[in-house]
Amino acid sequence: MIACAVLMPVCALPAAGGEGKRAIREWMRDEGVIASSDMEALTFYLRLGGAATDVENRWHRERGPEAVARLKAAGVNLAIINFHKGAGLIAESEDIAAAKQFVELAHKHGIKVAGYVGASMFYETFFAEEPNARDWIQVDENGRPNYYTNEQSFRYMACRNNPGYRAFVRKVIEAGIRDAKLDMLHFDQMQWWAEPRSCRCKYCAEEFRQFLRARYRDRRAARSRFGFTNFDHVIPPPYGDATAPIQVRELRNPMMQEWTIFRAWNLAQRMGEFDDYIRQLNPNAGLIGNPTMSPERNVGFAFGVDLAQFAGHADAIWSEEPSLPQWTEDGRLPSQIRSYKAVRGLGGTLLAWQNLGKADVYKKTPAELRLACSLAYNDANLGVVAGSDTGFFENSPEMRRYARFFREHIKDLRHTEPVADAAVLRSFASTEFNPAESNFETVLAEQALIQHKIPFGILFDGRIDDLGKYKVLVLADQDALSDTQITRIRRFVSEGGGLVATWNTSMLDEWRRRRPKFGLADVFGIDAPYSIKEDAAQVRRQFGKGRVVYIPRMRTDVKRPSGMSPIPNALWKLPANAGEFAEAVRWAAGGALSLNAGAPLWVTAELARQEGTGTYLLHLVNFRLHEKLKDIPVEVRVPAGLRVRSAEAVSPDAAVGAPLTVGMKDGMAKFTVPSLDVYSLVILRMEKAL
């Protein structure tokens with residue numbers, strides 16, 4: 001029986017999964033993670049072509065005792081290694097044997113190992129081992145097979161809904177967890193191909209029909225949604241276009257919306273199956289998933305990914321996103337901060353590539369800035385700093401210095417949670433089905449919060465009941481909200497919460513049907529959005545015990561995207577009314593925020609609290625690399641009944657820490673950070689007030 005899914009109009013959203021303590025996740029939070037990755041199989045290098053003449057000797061050497069010893073010396077405690085790329089368990093038997101040897105060596109050094117599992121099938125060898133695999137291929141709406149890329153057409157993409165392939169994946173999991181003693185499995189390509197290439201095989205089509213029957217048991221709801229109630233003849237909706245990705249201005253077609261929702265739900269279901277089977281074989285083992293983290297894309301529509309559902313089944317989320325931290329010549333501040341916040345808000349941790357030194361995108365941002373952001377925004381996880389050969393790590397004094405700092409301060413960095421005054425809601429029906437407006441407006445609002453150093457988190461549909469944790473809810477053109485969401489938001493504000501909303505927020509329901517007036521009209525005090533051409537002032541008002549601000553639009557001079565286009569960081573320019581927006585959030589909070597930091601717009605700040613000890617951690621990151629700042633004034637709200645016992649600023653950029661003098665006024669601890677090069681950590685240790 002298929003359970004109800006996200007955006008369900010007739011029943012409740014199920015729990016995201018991953019309930020209870022997960023041993024490997026607790027280990028990551030206890031020890032802190034410095035990871036390495038050398039996940040490619042030798043079989044793949046040889047089949048791909050273009051490798052170095054000594055690839056075989058080097059590949060085996062990087063899985064030998066000297067390589068493991070170098071990883072240990074570098075501080076690595078989680079190594080991601082090859083396991084099954086897609087050529088077949090027999091074809092990759094030499095690669096797998098080397099991986100097993102690596103696991104034995106790594107475990108002797110106290111290093112945990114994750115094994116890479118790809119989602120493609122190398123037809124020359126895989127089909128020989130698995131003759132039925134010819135029927136496991138993903139096919140697009142025209143019945144054509146999906147390849148990994150045009151150049152790598154020897155790699156057919158396998159359909160995870162095919163029962164034969166699902167059985168094969170169980171064999172891979174058994175070989176990895178039970179036989180090779182891997183601590184984790186890393187599933188790559190956890191996505192569907194972009195439309196119109198998303199798989200439409202007979203198993204996907206039947207799963208989709210079952211999904212619709214389960215979601216619309218109420219025939220009246222089905223009739224209202226589609227105009228019919230019998231799903232027996234439904235097929236995954238065609239787009240009639242051979243070019244990916246599909247571009248539409250706004251996704252209004254209800255069956256296309258449902259197909260997108262299904263793909264995201266279905267992907268999370270398969271991830272959950274992997275999760276359950278791994279833990280059945282070894283309750284202490286875990287998994288990593290790569291769902292294509294990228295705030296530039298509306299990944300729900302493009303790749304069938306809903307992070308809120310997906311993350312509940314993963315111990316870590318993999319990221320290769322292109323928007324690395326930098327301060328650009330035109331005054332933009334791209335970063336991975338959104339991804340860190342999104343994953344961390346779902347109880348996860350992000351494994352971000354830090355060491356692709358040869359890739360052009362990595363040349364734009366120095367290693368210490370990437371590592372500084374991981375220190376500030378991740379959960380005791382420095383990311384992937386090396387391959388098995390550790391060459392890039394060993395040749396980077398910045399990486400060695402930051403890794404050493406991470407280890408020296410892990411007792412303070414572990415088991416922390418962000419302090420967030422505001423929450424930015426990312427409604428699936430808004431950001432995924434109208435990205436050029438809703439996602440773009442949300443990105444601009446988040447950029448204003450980041451650069452104005454307002455503590456915030458990212459909230460997804462299924463977490464709307466977490467609103468009570470925040471002072472302010474931000475709805476940046478979240479145009480499509482359900483009646484249930486609106487009721488919860490209205491209650492939050494009436495009970496004293498703050499609300500800042502822009503543009504078309506609540507004008508549509510979750511099916512993107514237009515309401516006669518704002519769903520939150522009584523809260524906003526206006527019935528409909530201002531015309532885009534109007535230079536209207538914001539609305540500020542009281543609603544119940546809460547404060548409400550309606551801002552017509554985030555104003556920007558960049559050319560807005562269109563249709564389903566990505567939101568590349570070239571568009572992440574601070575809005576012209578960013579200061580006005582930040583002030584609105586402060587006003588809606590109804591009192592002082594948890595943090596005030598008097599640093600320029602190219603400095604970001606993250607405030608966290610350590611569980612158990614009550615220690616507060618303030619992370620400061622200077623995106624204008626090595627333009628050292630002096631005497632930064634800071635105020636941090638101290639919980640009632642506590643006071644600051646000691647304060648110290650430490651940094652991998654400084655030889656020694658600096659004790660800080662702290663004053664108290666109106667519940668705020670006031671101090672000055674003497675200097676900031678790239679990254680500084682302020683540690684505020686608390687004690688009970690007398």
# chains A, B, ... in the order shown; residues from 1 in each chain; ligands from 1

call {"tool": "residues_around", "arguments": {"residues": "segment 170-179 of chain A", "least_positions_apart": "3", "cutoff": "7 Å", "atoms": "only C-alpha atoms", "output": "mmCIF file with C-alpha atoms, in the first residue's frame"}}
result
data_model
loop_
_atom_site.group_PDB
_atom_site.id
_atom_site.type_symbol
_atom_site.label_atom_id
_atom_site.label_comp_id
_atom_site.auth_asym_id
_atom_site.auth_seq_id
_atom_site.Cartn_x
_atom_site.Cartn_y
_atom_site.Cartn_z
ATOM 1 C CA ARG A 166 15.882 -3.915 -6.860
ATOM 2 C CA ALA A 167 16.805 -7.551 -6.152
ATOM 3 C CA LEU A 182 31.817 -1.745 4.897
ATOM 4 C CA ASP A 183 30.565 0.736 7.472
ATOM 5 C CA ILE A 278 21.505 -2.116 5.333
ATOM 6 C CA LEU A 281 22.275 -6.685 7.937
#

call {"tool": "select_by_dssp", "arguments": {"residues": "segment 181-292 of chain A", "states": "strand (DSSP E)", "output": "JSON, numbers by chain"}}
result
{"A": [184, 185, 186, 187, 286, 287, 288, 289]}

call {"tool": "closest_residue", "arguments": {"among": "A:Asp412, A:Asp188, A:Asp522, A:Asp275", "to": "Ala119 of chain A", "atoms": "only C-alpha atoms"}}
result
A:Asp188

call {"tool": "select_by_dssp", "arguments": {"residues": "segment 377-571 of chain A", "states": "alpha helix (DSSP H)", "output": "VMD selection string"}}
result
chain A and resid 377 391 to 394 397 to 408 410 to 413 428 to 431 440 to 451 483 to 494 521 to 524

call {"tool": "residues_around", "arguments": {"residues": "Arg404 of chain A", "least_positions_apart": "5", "cutoff": "10 Å", "atoms": "only C-alpha atoms", "output": "list of chain:residue names"}}
result
A:Ala74, A:Gly75, A:Glu398, A:Met399, A:His409, A:Ile410, A:Pro652

call {"tool": "write_last_selection", "arguments": {"atoms": "all heavy atoms", "output": "short mmCIF file (atom, residue, chain, number, x, y, z; two decimals), in the first residue's frame"}}
result
data_model
loop_
_atom_site.label_atom_id
_atom_site.label_comp_id
_atom_site.auth_asym_id
_atom_site.auth_seq_id
_atom_site.Cartn_x
_atom_site.Cartn_y
_atom_site.Cartn_z
N ALA A 74 46.71 12.29 7.88
CA ALA A 74 46.00 13.51 7.48
C ALA A 74 44.79 13.79 8.37
O ALA A 74 44.15 14.83 8.22
CB ALA A 74 45.56 13.40 6.03
N GLY A 75 44.46 12.85 9.26
CA GLY A 75 43.32 13.04 10.15
C GLY A 75 42.02 12.51 9.59
O GLY A 75 40.95 12.70 10.18
N GLU A 398 46.83 25.17 3.74
CA GLU A 398 45.57 25.67 4.31
C GLU A 398 44.71 24.51 4.78
O GLU A 398 44.11 24.56 5.86
CB GLU A 398 44.80 26.49 3.26
CG GLU A 398 45.50 27.76 2.81
CD GLU A 398 46.51 27.51 1.70
OE1 GLU A 398 46.58 26.36 1.20
OE2 GLU A 398 47.24 28.44 1.33
N MET A 399 44.62 23.46 3.95
CA MET A 399 43.81 22.31 4.35
C MET A 399 44.39 21.64 5.59
O MET A 399 43.65 21.27 6.51
CB MET A 399 43.70 21.31 3.20
CG MET A 399 42.69 21.70 2.15
SD MET A 399 42.01 20.28 1.30
CE MET A 399 40.63 21.04 0.44
N HIS A 409 39.65 21.36 18.18
CA HIS A 409 38.47 21.98 18.78
C HIS A 409 37.21 21.12 18.62
O HIS A 409 36.10 21.63 18.83
CB HIS A 409 38.24 23.36 18.17
CG HIS A 409 39.31 24.34 18.51
ND1 HIS A 409 39.32 25.04 19.70
CD2 HIS A 409 40.43 24.71 17.84
CE1 HIS A 409 40.39 25.81 19.74
NE2 HIS A 409 41.08 25.64 18.63
N ILE A 410 37.38 19.84 18.33
CA ILE A 410 36.22 19.00 18.08
C ILE A 410 35.33 18.88 19.31
O ILE A 410 34.10 18.74 19.20
CB ILE A 410 36.65 17.60 17.58
CG1 ILE A 410 35.42 16.83 17.07
CG2 ILE A 410 37.39 16.84 18.64
CD1 ILE A 410 34.69 17.48 15.94
N PRO A 652 42.05 29.18 12.98
CA PRO A 652 43.17 28.50 12.33
C PRO A 652 44.12 29.49 11.67
O PRO A 652 45.23 29.11 11.28
CB PRO A 652 42.48 27.61 11.29
CG PRO A 652 41.16 28.25 11.06
CD PRO A 652 40.77 28.89 12.34
#

call {"tool": "residues_around", "arguments": {"residues": "Arg220 of chain A", "least_positions_apart": "6", "cutoff": "10 Å", "atoms": "only C-alpha atoms", "output": "mmCIF file with all heavy atoms, in the first residue's frame"}}
result
data_model
loop_
_atom_site.group_PDB
_atom_site.id
_atom_site.type_symbol
_atom_site.label_atom_id
_atom_site.label_comp_id
_atom_site.auth_asym_id
_atom_site.auth_seq_id
_atom_site.Cartn_x
_atom_site.Cartn_y
_atom_site.Cartn_z
ATOM 1 N N GLY A 227 -10.874 15.916 -13.038
ATOM 2 C CA GLY A 227 -12.079 15.821 -13.855
ATOM 3 C C GLY A 227 -12.476 14.389 -14.121
ATOM 4 O O GLY A 227 -13.455 14.130 -14.840
ATOM 5 N N PHE A 228 -11.750 13.418 -13.579
ATOM 6 C CA PHE A 228 -12.094 11.994 -13.712
ATOM 7 C C PHE A 228 -11.604 11.261 -12.463
ATOM 8 O O PHE A 228 -10.845 11.822 -11.658
ATOM 9 C CB PHE A 228 -11.498 11.374 -14.978
ATOM 10 C CG PHE A 228 -9.990 11.421 -15.049
ATOM 11 C CD1 PHE A 228 -9.207 10.415 -14.497
ATOM 12 C CD2 PHE A 228 -9.342 12.478 -15.691
ATOM 13 C CE1 PHE A 228 -7.823 10.459 -14.569
ATOM 14 C CE2 PHE A 228 -7.954 12.531 -15.768
ATOM 15 C CZ PHE A 228 -7.188 11.516 -15.198
ATOM 16 N N THR A 229 -12.013 10.016 -12.306
ATOM 17 C CA THR A 229 -11.707 9.280 -11.065
ATOM 18 C C THR A 229 -11.061 7.925 -11.304
ATOM 19 O O THR A 229 -10.611 7.286 -10.351
ATOM 20 C CB THR A 229 -12.995 9.061 -10.254
ATOM 21 O OG1 THR A 229 -13.926 8.293 -11.025
ATOM 22 C CG2 THR A 229 -13.627 10.395 -9.867
#

call {"tool": "residues_around", "arguments": {"residues": "Arg263 of chain A", "least_positions_apart": "3", "cutoff": "10 Å", "atoms": "only C-alpha atoms", "output": "list in words"}}
result
Gln191, Trp192, Ser198, Cys199, Cys204, Glu207, Phe208, Glu258, Trp259, Thr260, Asn266, Leu267, Ala268, Gln269, Gly300, Phe301, Phe303, Gly304, Val305 and Asp306 of chain A

call {"tool": "residues_around", "arguments": {"residues": "segment 97-104 of chain A", "least_positions_apart": "2", "cutoff": "7 Å", "atoms": "only C-alpha atoms", "output": "list in words"}}
result
Arg63, Gly64, Ile81, Asn82, Phe83, Ser93, Glu94, Asp95, Ala106, His107, Lys108, Val113, Ala180 and Leu182 of chain A

call {"tool": "residues_around", "arguments": {"residues": "segment 617-627 of chain A", "least_positions_apart": "6", "cutoff": "8 Å", "atoms": "only C-alpha atoms", "output": "JSON, numbers by chain"}}
result
{"A": [325, 326, 327, 333, 369, 372, 373, 375, 376, 602, 603, 604, 605, 606, 607, 608, 609, 610, 676, 677, 678, 679, 680, 681, 682, 683, 684]}

call {"tool": "atom_distance", "arguments": {"atom1": "atom CA of Trp353 of chain A", "atom2": "atom CA of Asp315 of chain A"}}
result
16.6 Å

call {"tool": "decode", "arguments": {"residues": "segment 568-595 of chain A", "atoms": "N, CA, C and O atoms", "output": "CSV table (one decimal), in the first residue's frame"}}
result
chain,number,residue,atom,x,y,z
A,568,PRO,N,21.2,30.5,-11.4
A,568,PRO,CA,22.6,30.5,-11.1
A,568,PRO,C,23.1,31.6,-10.2
A,568,PRO,O,22.4,32.6,-10.1
A,569,ASN,N,24.2,31.4,-9.6
A,569,ASN,CA,24.7,32.4,-8.6
A,569,ASN,C,25.0,33.7,-9.2
A,569,ASN,O,25.2,34.7,-8.5
A,570,ALA,N,25.1,33.8,-10.6
A,570,ALA,CA,25.2,35.1,-11.2
A,570,ALA,C,24.0,36.0,-10.9
A,570,ALA,O,24.1,37.2,-11.0
A,571,LEU,N,22.9,35.4,-10.5
A,571,LEU,CA,21.7,36.2,-10.1
A,571,LEU,C,21.5,36.4,-8.6
A,571,LEU,O,20.6,37.0,-8.2
A,572,TRP,N,22.5,35.9,-7.8
A,572,TRP,CA,22.4,36.0,-6.4
A,572,TRP,C,22.9,37.3,-5.8
A,572,TRP,O,23.5,37.4,-4.8
A,573,LYS,N,22.6,38.4,-6.5
A,573,LYS,CA,23.0,39.7,-6.1
A,573,LYS,C,22.1,40.2,-5.0
A,573,LYS,O,20.9,40.0,-5.0
A,574,LEU,N,22.7,40.8,-4.0
A,574,LEU,CA,21.9,41.3,-2.9
A,574,LEU,C,20.8,42.2,-3.3
A,574,LEU,O,21.1,43.2,-4.1
A,575,PRO,N,19.5,42.0,-3.0
A,575,PRO,CA,18.5,42.8,-3.4
A,575,PRO,C,18.6,44.3,-3.0
A,575,PRO,O,19.2,44.6,-2.0
A,576,ALA,N,18.1,45.2,-3.8
A,576,ALA,CA,18.2,46.6,-3.5
A,576,ALA,C,17.5,46.9,-2.1
A,576,ALA,O,17.9,47.9,-1.4
A,577,ASN,N,16.5,46.2,-1.8
A,577,ASN,CA,15.8,46.4,-0.5
A,577,ASN,C,16.1,45.4,0.5
A,577,ASN,O,15.3,45.1,1.4
A,578,ALA,N,17.3,44.9,0.5
A,578,ALA,CA,17.8,43.8,1.4
A,578,ALA,C,17.8,44.4,2.8
A,578,ALA,O,17.4,43.7,3.8
A,579,GLY,N,18.3,45.6,3.0
A,579,GLY,CA,18.3,46.2,4.3
A,579,GLY,C,16.9,46.4,4.9
A,579,GLY,O,16.6,46.2,6.1
A,580,GLU,N,16.0,46.9,4.0
A,580,GLU,CA,14.6,47.0,4.4
A,580,GLU,C,14.0,45.7,4.8
A,580,GLU,O,13.2,45.6,5.8
A,581,PHE,N,14.3,44.7,4.1
A,581,PHE,CA,13.8,43.3,4.4
A,581,PHE,C,14.3,42.8,5.7
A,581,PHE,O,13.6,42.3,6.5
A,582,ALA,N,15.7,43.0,5.9
A,582,ALA,CA,16.3,42.5,7.2
A,582,ALA,C,15.7,43.3,8.4
A,582,ALA,O,15.4,42.7,9.4
A,583,GLU,N,15.4,44.6,8.2
A,583,GLU,CA,14.8,45.3,9.3
A,583,GLU,C,13.4,44.8,9.6
A,583,GLU,O,12.9,44.8,10.7
A,584,ALA,N,12.7,44.5,8.5
A,584,ALA,CA,11.3,43.9,8.7
A,584,ALA,C,11.3,42.6,9.5
A,584,ALA,O,10.5,42.4,10.4
A,585,VAL,N,12.3,41.8,9.3
A,585,VAL,CA,12.4,40.6,10.1
A,585,VAL,C,12.7,40.9,11.5
A,585,VAL,O,12.1,40.3,12.4
A,586,ARG,N,13.6,41.8,11.7
A,586,ARG,CA,13.9,42.2,13.1
A,586,ARG,C,12.6,42.8,13.8
A,586,ARG,O,12.4,42.5,15.0
A,587,TRP,N,11.9,43.6,13.1
A,587,TRP,CA,10.7,44.2,13.7
A,587,TRP,C,9.6,43.1,14.0
A,587,TRP,O,9.0,43.1,15.0
A,588,ALA,N,9.5,42.2,13.0
A,588,ALA,CA,8.5,41.1,13.2
A,588,ALA,C,8.8,40.2,14.4
A,588,ALA,O,8.0,39.6,15.0
A,589,ALA,N,10.1,40.1,14.7
A,589,ALA,CA,10.6,39.3,15.8
A,589,ALA,C,10.1,39.9,17.2
A,589,ALA,O,10.0,39.1,18.2
A,590,GLY,N,9.7,41.1,17.2
A,590,GLY,CA,9.2,41.7,18.4
A,590,GLY,C,10.1,41.9,19.5
A,590,GLY,O,9.8,42.1,20.7
A,591,GLY,N,11.4,41.9,19.2
A,591,GLY,CA,12.4,42.1,20.3
A,591,GLY,C,13.8,41.8,19.6
A,591,GLY,O,13.9,41.4,18.5
A,592,ALA,N,14.8,41.9,20.4
A,592,ALA,CA,16.2,41.7,19.9
A,592,ALA,C,16.4,40.2,19.4
A,592,ALA,O,15.9,39.3,20.0
A,593,LEU,N,17.1,40.1,18.3
A,593,LEU,CA,17.4,38.8,17.8
A,593,LEU,C,18.5,38.2,18.6
A,593,LEU,O,19.1,38.8,19.5
A,594,SER,N,18.8,36.9,18.3
A,594,SER,CA,19.8,36.2,19.1
A,594,SER,C,21.2,36.7,18.8
A,594,SER,O,22.1,36.4,19.6
A,595,LEU,N,21.4,37.4,17.7
A,595,LEU,CA,22.7,37.8,17.3
A,595,LEU,C,22.7,39.1,16.6
A,595,LEU,O,21.8,39.4,15.7
